[in-house]
Amino acid sequence: MSEQKTVYLADYRPYSHVVESVDLTFRLHPTATRVVARLSLRQNPARKDRDHLRLDGEGLKLISCKLDGQAITPAVDERSLTIAAHELPDGPFILETEVEIAPEANTALEGLYMSKGMYCTQCEAEGFRKITYYPDRPDVMSRFKVRIESDLPVLLSNGNPVASGEGWAEWDDPWPKPAYLFALVAGDLRAHSASFVTASGRPVDLNIWVRPGDEDRCAYAMDSLIRSMRWDEQVYGREYDLDVFNIVAVDDFNMGAMENKGLNIFNSRYVLASPETATDDDYYRIEAIIAHEYFHNWTGNRITCRDWFQLCLKEGLTVFRDHQFSADMRSAAVRRIEDVVTLRSRQFREDDGPLAHPVRPESFVEINNFYTATVYEKGAEVIGMLKSLVGDAGYKRALDLYFERHDGDAATIEDWLKVFEDATGRDLSQFKLWYSEAGTPRLKVEETWDNGVYTLTFTQKNPPTPGQPIKHPKVIPIKVGLLNPNGDEVVPTITLEMTRAKQSFRFEGLAARPVPSILRGFSAPVVLDRKAPPEERAFLLAHDTDAFNKWEAGRALAKEVMADIALKGAPVSPAWLDALAAVTFDDTLDPAFRALCLRLPGEDDIAQTIHAMGRIPDPAKIHAARREMTGALAIRLGEGLSRLYKDLDDNAPFSPSAAQAGRRALKIAALGLLSRRDGGKLAASAFARARSMTEEVGALSALLEVGQGQAELVSFAARWGRDANVMDKWHALQIAHAEPAEAAAVAARLIGAPGFDWKNPNRFRTVIGALAANHAGFHHRSGAGYRLVADWLLKLDPLNPQTAARVSTAFETWPRYDAARRKLARTELERILAAPDLSGDLREMAERMLAAG
């Protein structure tokens, strides 16, 4: 294994040459694909020096190399092909290489590989170098023409189809792109087709390509695509720019999807859906991910990132755009709550541990390890704050200028912020700290009341993180509203702009001391440190006009109650029970919102809360506390829960609409609580008569939670055993609901079962990811969870380092627990590092996590 080298943002230099055009020919073969690359090059005028030509390449067998038609012998090592500067012509020249690769043996699923007889590619971040020799970096943009030769019936690449015949097809992409956006697919596929007419009247052919037999499960994905295209025109003024848009569903895929220009490749999980096989959550994710990848057409493709340190430029912005889209398509309040739940469970956890890093890192070893919640989710939050600070009109002016100024560019965060400064006149030098400093700021709040004047004083603390011991005050937009003691809103939402370490804001002319509603809409990714009495939390849960803070009041109260039970053995708070009952039975509230309120905080969330208090969390006690609260809530809601369930148990035809999904969510939440009282009798009946996968999974989950459902598990497997995506739910449910002492054994049985394809990333993530999510099970005092995850990471790593490294984050919180658990986790991390031939991906992650202890 070659030595890993750290790459630094400060060392950036433009590439030595300009690639004017790229012509590729693929002669496909499972074990001996030939790739002929013809590159038109010239010296880069941005470089003052005359440099050698170095092309990236890994795992390639070089067959021939020609410079302006003459055979040459370049210097080749395991990572590159180099031609010395003195061997290069003074002017433009043509370099032609022919290489051989083996897609069938490519288990890492990067570059060109095979998935059940289908050829497909994944080139982001650095996969193209496994296809042919090329400057595999995002700032090298060029036009690509592609010829594919194969006897397979469907041959696809980027751009527009220009010619085809028996056994071949040619594609031309008129828009310059970096190599990471290259795509190729060849296979026996069927198309679910539609058409779209852009705002300027140009027709576009739309195709979703799937395996035979899956054509009838593409309708929702196509509908989501069409709505995304129309929304981007209406909200951002961005039209699609090719004659055809293709999506391909692939079974073996390391990520969710990939935005390759004109040819998006998707994990089949995020394309295929029918009421019988997909849950409401699946429908939402399909809609969101389809939108996300389509929106990349402009924010990622037409304007890409100069280098991988700028990854948040395309990902943070596109996540923000897909959040806006989802808010417009569904309940904006519910979507905002769900987004914040994800942010806190993934990104706050990241910021609080050894894997903390800035939204724009200063260095990396393996770029694949920086596809993180910080880059994506926190990156989106930073853009949301920017929009709050400049206002809707300022944001629109800035985005219009961004597209006008940087279309066709490989841009930077500096370019992005300069656009906002030029469009709005604001100085964003302090705001830029959000991109350069890691960690989640903590806001402490103090308040005073004096003769009609109410004052809020905020103190921000920016805790140290690995490599960044000293932090600076950030610009924090804090949306605040004030309520009278009778529940009326006396000060509607305003945005307070905090710029100093400590800052006060006065509200004058008030008749009574108000109840504050702080950080409305979660206006900044911070931890709000304000100790409020349970009565105030209950008041806000009942009266706050901001839906997010209404939910947040109940969430905060539930976390306090659960922490008190786990730490002190305190009883379940009657105030929390009464407040949640009022929300549950309030028919004026959105059913989806009420369902969210009934969802108790996760056990890892409580562990993080207890750790922040300076205490050591006990996973077993947290698990017991959550069960105790659920049981108490089921008793408190009483017969009203049965009436609510019956009211929601209608016979309306299935629709994936937000309204219907919300009703199903509340119905399933009620069923889960009712099962606490009847031992699962109603859930067994609901499973037997379920009319959708949402109802089927919801009923099975309720049964497993109360120790029932074995017969239903057998029935489910008999019905869906041939559908791997559906069976992922079956596997995950068993691990999620396993008793802590048994969770690792259940996961071991499932992943080691005959016929289970653990080499498939979806299957592997489903089982090992579910074990990591079973907080008390993974952190069981026996260490069985740690051992099992380490065993399988070591088994997967030689085949698929990228997936192994990402799943290894199960260990990132190990330093927060007691000495015995820390010792067990440390032993497994050290065992991983001691393995021979460990990949650079997994090695970097294990080293960073181990360094925290």
# chains A, B, ... in the order shown; residues from 1 in each chain; ligands from 1
call {"tool": "residues_around", "arguments": {"residues": "Pro45 in chain A", "least_positions_apart": "3", "cutoff": "9 Å", "atoms": "only C-alpha atoms", "output": "PyMOL selection string"}}
result
chain A and resi 16-18+42+48
call {"tool": "write_last_selection", "arguments": {"atoms": "C-alpha atoms", "output": "JSON list (two decimals), in the first residue's frame"}}
result
[["chain", "number", "residue", "atom", "x", "y", "z"],
["A", 16, "SER", "CA", -0.69, 22.44, -16.17],
["A", 17, "HIS", "CA", -2.75, 22.01, -19.35],
["A", 18, "VAL", "CA", -6.11, 22.86, -20.85],
["A", 42, "ARG", "CA", -2.43, 22.77, -24.81],
["A", 48, "LYS", "CA", 3.65, 30.63, -15.79]]
call {"tool": "residues_around", "arguments": {"residues": "range 634-640 of chain A", "least_positions_apart": "6", "cutoff": "12 Å", "atoms": "only C-alpha atoms", "output": "MDAnalysis selection string"}}
result
chainID A and resid 572:586 598 627:628 646:647 669:679
call {"tool": "residues_around", "arguments": {"residues": "Lys471 in chain A", "least_positions_apart": "6", "cutoff": "12 Å", "atoms": "only C-alpha atoms", "output": "short mmCIF file (atom, residue, chain, number, x, y, z; two decimals) with C-alpha atoms, in the first residue's frame"}}
result
data_model
loop_
_atom_site.label_atom_id
_atom_site.label_comp_id
_atom_site.auth_asym_id
_atom_site.auth_seq_id
_atom_site.Cartn_x
_atom_site.Cartn_y
_atom_site.Cartn_z
CA PRO A 358 -15.28 22.75 8.84
CA LEU A 433 -16.22 31.85 9.56
CA TRP A 434 -19.15 29.45 9.17
CA SER A 436 -13.78 27.80 7.95
CA GLU A 437 -14.50 26.85 11.57
CA ALA A 438 -15.82 23.49 12.76
CA GLY A 439 -18.09 22.91 15.74
CA THR A 440 -21.62 23.78 16.80
CA PRO A 441 -21.92 27.15 18.57
CA GLN A 460 -22.13 32.57 22.09
CA LYS A 461 -19.53 29.96 22.87
CA ASN A 462 -17.70 28.24 20.03
CA PRO A 463 -16.14 25.09 21.51
CA PRO A 464 -12.73 23.78 20.39
CA THR A 465 -12.63 20.97 17.83
CA ALA A 501 -19.51 37.16 21.71
#
call {"tool": "closest_residue", "arguments": {"among": "A:His292, A:Arg336, A:Lys550, A:Arg349", "to": "His611 in chain A", "atoms": "only C-alpha atoms"}}
result
A:Arg349
call {"tool": "closest_residue", "arguments": {"among": "A:Glu552, A:Asp409, A:Asp650, A:Glu170", "to": "Glu338 in chain A", "atoms": "only C-alpha atoms"}}
result
A:Glu552
call {"tool": "select_by_dssp", "arguments": {"residues": "range 266-334 of chain A", "states": "helix (DSSP H, G or I)", "output": "number ranges by chain"}}
result
A: 268-270, 280-295, 308-329, 332-334
